[in-house]
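Please read the structure below before turning to the comments.
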Amino acid sequence: MLDSVLALAQGFSVALEPTKLLFALIGVFLGTAVGVLPGIGPALTVALLLPVTFKLDPTGSLIMFAGIYYGGMYGGSTTSILINTPGESSSMITALEGNKMAKAGRGGPALATAAIGSFVAGLIATIGLALFAPWLVEIAIQFGPADYFALMILAFVTVSATFGDSPLRGLTSLFIGLMLGLVGLDALSGQARLTFGVPELLDGIEVTTLAVGLFAVGEALYVASRLKHAPETIEPVRGSLWMTKEDWKRSWKPWLRGTALGFPIGSLPAGGAEIPTFLSYTIEKRLTKHPEEFGKGAIEGVAGPEAANNASAAGTLMPLLTLGLPTSATAAILLAGFQQYGLNPGPLLFAEKPDLVWGLIASLFIANVMLVVLNLPLIGLWVRLLAIPQPWLYAGILVFAAMGTIAANPSPVELIMLAVFGLLGFVMRRYDYPIAPMVVGLILGPMAETQLRRALQISLGDPMALVESPLAATLLAIAALALVAPLIFKGLSRFKAEED
Amino acid sequence: MTQQEDDRPEGRRGDPVGFVIAAGLLALAAAVAWDASGMGAVSSYAGIGPSAASWTVAAALTALALGTVVSAVRGKIPVPEPSDHAAVLTILAGIAGMIAIISFGGGFIPAMAVLFGLTARGFGRRALLTDLGIGVALGLFVYLGFTKLLALSLPQGPIEHLF
């Protein structure tokens, strides 16, 4: 406990250096500016801005990343409220009530409760991260390869099968990701896999190329294909920006409840902010004194889910930093950001580079404060960004996507992959395949394989070693359960529907 | 259980799209399996070698292809919303043009101009020349910003050599 406080103080002394503060500020600003663009969620924001950080020192660029991540989340909620185009599924709930509030001329308070709620949630969740991370590191340091392998299997199942609409489509997305993860030289034996004689493929497929292709190019193609059928409208922010006393009174409890749901669920290797935001919405709907407003723009329905969303985003940093386990598309891209400097998050990073890890955690606090100070006064600027004509907006996004890809890896092959992944992303959107499992599969697949083979090397090939550790056995059992759980959930929800 | 399946009105029985997706998954599985079959023998002490993961993925993709066939027969493939194919093809042409220009040494700025112009056209703009001009300006701005300020290398062509 005291150790965390000391370590965090050390982290602040890194993060409060003027140059680091500047990186945090740039990150927050860029993150919000890009995140506010319609259809762009935090994952894509981070992926698009990755090349900007290529030439910085690791600590500085990771601090900038933290700012981009949090900024992207704030920006995304602004878009959800004002034009009802959530960048990712976790801000769908915000769009639900928030956009109704904006239509009723209460856009200002909706933005304010989202921003302040995100601040409160981010603050509490980051404190939770600082307190619990060292504790989890202590545990994680005893994990063997079999435990890691089981943890990754659990992450695969929860990310792809448990929380999606259709386990079949989620698993299809996951396994295409795993297949892409095979491409390149095998880490243990040096065997080339799925390269088909193309030298550019020997290094494997870049996570950012896949993410930018699926998210940016795929989204642009999809929006263009739908343009004639569903035009978007921006709600102007009318009236006072500030929340009334009544708004505050109705918001603070949902903020805290949302945080209490978001942080623990986000920290589990379960992945996704969808569950906590959805739960938060359901709970607020039950507890509110104004049930008649739900569905027509209830402030609780914005405050709670927004807090839950941000708290779970901070929560996903827990398995990412302590175990090196990404449980969302955004976390997978953040991991790619770490790897670009040869850094591997996990218990060892805490021991070897405490300045970097704690500097990053401290800068999360700083980014959070900067956002709440910057965001509300600058709302006019963000709204103007929303007014960029759509053709230029998406054309600009594609230019940046191509630029980032070619800067990371100067070869036309990389651009061809970007185009192929873009087309894939378009088809997946049309047929309702989830995208995150593919990104997680690409980055976690090779890691899981390495752990599996290590475990089997230690046991001289005896597969029983995979379930001999009680932890590994438990995790695998949960994974098996999580694979069948959707069927049970479906049964339950039908039961509930009949009851209503 | 039958009632639950009827909950979803979307999807028609025997939707051909499902069979196309399944065929695609089978093709991927075949490619992975073909690649795995060319790998060396399993190293003796380690239990499994590099081909084991390939075989697992190939098997899983085959199973998913079968699952897709079943869901197509049952009419559980979502029916997509109507799509404007001309718009999609215009943007793809922009991307292809961009790749071609960079591959043949035309440089970053003209490539971005073509990408920008054709994407904007795909989104319904009619003023192609204006948009190409904006693309040139944006490409120049990005090129100078990233090569001079951030020291990244971007593809060079005749125009870029002027700077």
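Letters A, B, ... mark the chains of the structure tokens in the order given; residue numbers begin at 1 per chain; ligand numbers begin at 1, in order shown.
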- request: Please return, as a list in words, all residues of chain A lying within 6 Å of chain B when only C-alpha atoms are considered.
  value: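 Applying the cut-off to the listed atoms yields Leu221, Ala224, Ser225, Arg226, Pro391, Trp392, Ala395, Val399, Ala407, Pro412, Arg430, Tyr431, Gln457 and Gly461 of chain A.
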query: Could you pull out the helix (DSSP H, G or I) residues of chain B from DSSP and send them as a ChimeraX atom specification?
result: /B:2-6,16-37,51-73,85-103,108-122,128-149,160-162
Residue nearest A:Val427 - candidates A:Ala187, A:Met152, A:Leu214, A:Leu171, atoms counted: only C-alpha atoms: A:Leu214
query: Which residues come within 10 Å of B:Pro16, counting only C-alpha atoms, excluding same-chain residues fewer than 6 positions away, as a PyMOL selection string?
result: chain B and resi 22+69+72-73+75+77
Grab the residues selected above and save them as an mmCIF file, in the first residue's frame with N, CA and C atoms.
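Result file part27.cif:
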```cif
data_model
loop_
_atom_site.group_PDB
_atom_site.id
_atom_site.type_symbol
_atom_site.label_atom_id
_atom_site.label_comp_id
_atom_site.auth_asym_id
_atom_site.auth_seq_id
_atom_site.Cartn_x
_atom_site.Cartn_y
_atom_site.Cartn_z
ATOM 1 N N ALA B 22 -18.815 -19.345 -46.223
ATOM 2 C CA ALA B 22 -18.293 -20.658 -45.834
ATOM 3 C C ALA B 22 -17.200 -21.101 -46.800
ATOM 4 N N VAL B 69 -22.443 -22.773 -42.818
ATOM 5 C CA VAL B 69 -23.374 -23.456 -43.726
ATOM 6 C C VAL B 69 -24.680 -23.770 -42.986
ATOM 7 N N ALA B 72 -26.645 -20.709 -42.533
ATOM 8 C CA ALA B 72 -27.222 -20.250 -43.804
ATOM 9 C C ALA B 72 -28.475 -21.067 -44.142
ATOM 10 N N VAL B 73 -28.384 -22.376 -43.901
ATOM 11 C CA VAL B 73 -29.537 -23.244 -44.192
ATOM 12 C C VAL B 73 -30.719 -22.851 -43.309
ATOM 13 N N GLY B 75 -31.274 -19.943 -42.192
ATOM 14 C CA GLY B 75 -31.688 -18.564 -42.432
ATOM 15 C C GLY B 75 -31.284 -17.622 -41.322
ATOM 16 N N ILE B 77 -28.247 -15.894 -41.396
ATOM 17 C CA ILE B 77 -27.266 -14.917 -41.868
ATOM 18 C C ILE B 77 -27.975 -13.570 -41.936
#
```
- prompt: If you count only C-alpha atoms, which residues fall within 10 Å of stretch 472-474 of chain A, apart from same-chain ones fewer than 2 positions away, as number ranges by chain?
  reply: A: 143-151, 465-470, 476-480
- prompt: Which polymer residues have any atom within 12 Å of an atom of A:Ser328, counting only C-alpha atoms, with same-chain residues fewer than 2 positions away left out, as a ChimeraX atom specification?
  reply: /A:42-43,88-90,155-156,158-160,211,266-274,312-320,325-326,330-335,434-441,443-444
Write the residues of the selection above to a file with C-alpha atoms, as a compact mmCIF listing (two decimals), in the first residue's frame.
```txt
# COMPACT_ATOMS: atom_id res chain seq x y z
CA PRO A 42 -10.65 5.27 -29.12
CA ALA A 43 -9.12 2.19 -30.79
CA GLU A 88 -17.73 1.88 -30.68
CA SER A 89 -20.44 -0.24 -29.19
CA SER A 90 -19.63 0.86 -25.64
CA ALA A 155 -9.59 -13.86 -23.00
CA PHE A 156 -10.19 -15.36 -26.46
CA THR A 158 -14.84 -13.82 -23.59
CA VAL A 159 -13.78 -11.36 -26.27
CA SER A 160 -15.24 -13.33 -29.15
CA ALA A 211 -6.67 -2.12 -37.04
CA GLY A 266 -12.99 -3.88 -17.14
CA SER A 267 -10.16 -5.35 -15.07
CA LEU A 268 -11.27 -8.92 -15.60
CA PRO A 269 -9.91 -10.63 -18.67
CA ALA A 270 -13.44 -10.41 -19.98
CA GLY A 271 -12.99 -7.57 -22.39
CA GLY A 272 -15.26 -4.86 -23.54
CA ALA A 273 -17.03 -1.98 -21.90
CA GLU A 274 -20.38 -3.09 -23.32
CA SER A 312 -13.74 0.07 -17.58
CA ALA A 313 -11.26 1.68 -19.97
CA ALA A 314 -8.97 2.33 -17.01
CA GLY A 315 -9.76 -1.19 -15.83
CA THR A 316 -8.53 -2.79 -19.07
CA LEU A 317 -5.15 -1.18 -18.39
CA MET A 318 -4.87 -3.47 -15.36
CA PRO A 319 -4.46 -6.79 -17.24
CA LEU A 320 -2.56 -4.95 -19.96
CA LEU A 325 -2.88 -9.20 -21.70
CA PRO A 326 -4.95 -6.97 -24.01
CA THR A 330 -7.82 -0.44 -27.92
CA ALA A 331 -5.67 -2.34 -25.44
CA ALA A 332 -4.29 -4.47 -28.29
CA ILE A 333 -3.19 -1.33 -30.11
CA LEU A 334 -1.71 0.15 -26.93
CA LEU A 335 0.24 -3.08 -26.58
CA PRO A 434 -17.48 -8.13 -34.68
CA ILE A 435 -14.08 -6.60 -35.41
CA ALA A 436 -12.35 -6.49 -32.02
CA PRO A 437 -11.84 -10.29 -31.76
CA MET A 438 -9.77 -10.25 -34.94
CA VAL A 439 -7.42 -7.56 -33.63
CA VAL A 440 -7.10 -9.31 -30.25
CA GLY A 441 -6.53 -12.66 -32.03
CA ILE A 443 -1.79 -9.91 -31.13
CA LEU A 444 -2.65 -12.56 -28.51
```
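The neighbours of A:Met73 here are the residues that come within 8 Å of it, using only C-alpha atoms and leaving out any residue fewer than 6 positions away in the same chain; they are Thr32, Gly35, Gly41, Pro42 and Asn310 of chain A.
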Those residues you just picked out, can you put them in a file as a PDB file, in the first residue's frame with N, CA and C atoms?
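selection.pdb written:
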```
ATOM      1  N   THR A  32      -8.728  14.015 -28.426  1.00  0.00           N
ATOM      2  CA  THR A  32     -10.093  14.532 -28.459  1.00  0.00           C
ATOM      3  C   THR A  32     -10.470  14.932 -29.873  1.00  0.00           C
ATOM      4  N   GLY A  35     -10.936  11.764 -31.837  1.00  0.00           N
ATOM      5  CA  GLY A  35     -12.025  10.973 -31.278  1.00  0.00           C
ATOM      6  C   GLY A  35     -13.389  11.576 -31.542  1.00  0.00           C
ATOM      7  N   GLY A  41     -13.665   5.611 -32.936  1.00  0.00           N
ATOM      8  CA  GLY A  41     -13.608   5.336 -31.515  1.00  0.00           C
ATOM      9  C   GLY A  41     -12.176   5.426 -31.003  1.00  0.00           C
ATOM     10  N   PRO A  42     -11.994   5.191 -29.704  1.00  0.00           N
ATOM     11  CA  PRO A  42     -10.652   5.271 -29.120  1.00  0.00           C
ATOM     12  C   PRO A  42      -9.643   4.342 -29.796  1.00  0.00           C
ATOM     13  N   ASN A 310     -15.759   4.839 -18.982  1.00  0.00           N
ATOM     14  CA  ASN A 310     -14.411   5.316 -18.690  1.00  0.00           C
ATOM     15  C   ASN A 310     -13.715   4.487 -17.628  1.00  0.00           C
TER      16      ASN A 310
END
```
field: Polymer residues at most 10 Å from A:Asp186, only C-alpha atoms, same-chain spacing of 2 or more positions, as a list in words
entry: Gly181, Leu182, Val183, Gly184, Leu188, Ser189, Gly190, Gln191, Ala192, Arg193, Leu202, Asp203, Gly204, Pro446, Glu449 and Thr450 of chain A; Gly49, Pro50 and Ser51 of chain B
Requested write-out: N, CA and C atoms of the selected residues, as a PDB file, in the first residue's frame:
```pdb
ATOM      1  N   GLY A 181      -2.178 -14.032 -37.228  1.00  0.00           N
ATOM      2  CA  GLY A 181      -1.080 -14.081 -36.268  1.00  0.00           C
ATOM      3  C   GLY A 181      -0.029 -15.122 -36.621  1.00  0.00           C
ATOM      4  N   LEU A 182      -0.413 -16.133 -37.400  1.00  0.00           N
ATOM      5  CA  LEU A 182       0.544 -17.171 -37.801  1.00  0.00           C
ATOM      6  C   LEU A 182       1.551 -16.650 -38.819  1.00  0.00           C
ATOM      7  N   VAL A 183       1.141 -15.627 -39.578  1.00  0.00           N
ATOM      8  CA  VAL A 183       1.976 -15.156 -40.681  1.00  0.00           C
ATOM      9  C   VAL A 183       3.323 -14.665 -40.158  1.00  0.00           C
ATOM     10  N   GLY A 184       4.387 -15.099 -40.822  1.00  0.00           N
ATOM     11  CA  GLY A 184       5.716 -14.621 -40.465  1.00  0.00           C
ATOM     12  C   GLY A 184       6.592 -15.721 -39.902  1.00  0.00           C
ATOM     13  N   LEU A 188       9.834 -19.358 -32.030  1.00  0.00           N
ATOM     14  CA  LEU A 188      10.663 -20.365 -31.371  1.00  0.00           C
ATOM     15  C   LEU A 188      11.554 -21.148 -32.338  1.00  0.00           C
ATOM     16  N   SER A 189      11.058 -21.414 -33.554  1.00  0.00           N
ATOM     17  CA  SER A 189      11.832 -22.284 -34.437  1.00  0.00           C
ATOM     18  C   SER A 189      12.375 -21.562 -35.665  1.00  0.00           C
ATOM     19  N   GLY A 190      11.903 -20.360 -35.923  1.00  0.00           N
ATOM     20  CA  GLY A 190      12.354 -19.644 -37.106  1.00  0.00           C
ATOM     21  C   GLY A 190      11.714 -20.137 -38.386  1.00  0.00           C
ATOM     22  N   GLN A 191      10.743 -21.046 -38.260  1.00  0.00           N
ATOM     23  CA  GLN A 191      10.018 -21.552 -39.429  1.00  0.00           C
ATOM     24  C   GLN A 191       9.113 -20.445 -39.998  1.00  0.00           C
ATOM     25  N   ALA A 192       9.148 -20.242 -41.324  1.00  0.00           N
ATOM     26  CA  ALA A 192       8.263 -19.254 -41.947  1.00  0.00           C
ATOM     27  C   ALA A 192       6.880 -19.868 -42.137  1.00  0.00           C
ATOM     28  N   ARG A 193       5.844 -19.116 -41.749  1.00  0.00           N
ATOM     29  CA  ARG A 193       4.486 -19.637 -41.909  1.00  0.00           C
ATOM     30  C   ARG A 193       3.658 -18.660 -42.735  1.00  0.00           C
ATOM     31  N   LEU A 202       7.536 -11.802 -43.827  1.00  0.00           N
ATOM     32  CA  LEU A 202       8.339 -12.540 -42.851  1.00  0.00           C
ATOM     33  C   LEU A 202       8.249 -11.932 -41.455  1.00  0.00           C
ATOM     34  N   ASP A 203       8.089 -10.612 -41.376  1.00  0.00           N
ATOM     35  CA  ASP A 203       8.009  -9.947 -40.075  1.00  0.00           C
ATOM     36  C   ASP A 203       6.630 -10.068 -39.445  1.00  0.00           C
ATOM     37  N   GLY A 204       5.713 -10.689 -40.135  1.00  0.00           N
ATOM     38  CA  GLY A 204       4.364 -10.795 -39.595  1.00  0.00           C
ATOM     39  C   GLY A 204       3.522  -9.600 -39.983  1.00  0.00           C
ATOM     40  N   PRO A 446      -0.057 -15.312 -31.239  1.00  0.00           N
ATOM     41  CA  PRO A 446       1.332 -15.754 -31.129  1.00  0.00           C
ATOM     42  C   PRO A 446       1.805 -15.842 -29.678  1.00  0.00           C
ATOM     43  N   GLU A 449       0.480 -19.055 -28.258  1.00  0.00           N
ATOM     44  CA  GLU A 449       1.202 -20.202 -28.797  1.00  0.00           C
ATOM     45  C   GLU A 449       2.554 -20.372 -28.113  1.00  0.00           C
ATOM     46  N   THR A 450       3.255 -19.245 -27.913  1.00  0.00           N
ATOM     47  CA  THR A 450       4.554 -19.310 -27.251  1.00  0.00           C
ATOM     48  C   THR A 450       4.421 -19.894 -25.847  1.00  0.00           C
TER      49      THR A 450
ATOM     50  N   GLY B  49       5.575 -28.587 -32.623  1.00  0.00           N
ATOM     51  CA  GLY B  49       6.386 -27.699 -33.435  1.00  0.00           C
ATOM     52  C   GLY B  49       5.559 -26.578 -34.010  1.00  0.00           C
ATOM     53  N   PRO B  50       6.113 -25.836 -34.958  1.00  0.00           N
ATOM     54  CA  PRO B  50       5.427 -24.672 -35.512  1.00  0.00           C
ATOM     55  C   PRO B  50       4.180 -25.017 -36.324  1.00  0.00           C
ATOM     56  N   SER B  51       4.046 -26.284 -36.758  1.00  0.00           N
ATOM     57  CA  SER B  51       2.889 -26.588 -37.599  1.00  0.00           C
ATOM     58  C   SER B  51       1.629 -26.858 -36.766  1.00  0.00           C
TER      59      SER B  51
END
```
field: Backbone-only DSSP, strand (DSSP E or B) members of stretch 81-224 of chain A, as a ChimeraX atom specification
entry: /A:184-185,192-193
Write to file, as a CSV table (one decimal), in the first residue's frame, the residues of the selection just made, with N, CA and C atoms.
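Dumped everything to out-v5.csv:
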```csv
chain,number,residue,atom,x,y,z
A,184,GLY,N,4.4,-15.1,-40.8
A,184,GLY,CA,5.7,-14.6,-40.5
A,184,GLY,C,6.6,-15.7,-39.9
A,185,LEU,N,7.7,-15.3,-39.4
A,185,LEU,CA,8.7,-16.3,-38.8
A,185,LEU,C,8.2,-16.7,-37.4
A,192,ALA,N,9.1,-20.2,-41.3
A,192,ALA,CA,8.3,-19.3,-41.9
A,192,ALA,C,6.9,-19.9,-42.1
A,193,ARG,N,5.8,-19.1,-41.7
A,193,ARG,CA,4.5,-19.6,-41.9
A,193,ARG,C,3.7,-18.7,-42.7
```
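Atom pair atom CA of A:Trp358 / atom CA of A:Gly11: separated by 4.3 Å.
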- request: For atom CA of A:Leu424 and atom CA of B:Val136, determine how far apart the two atoms are, in Å to one decimal place.
  value: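 Those two atoms sit 28.4 Å apart.
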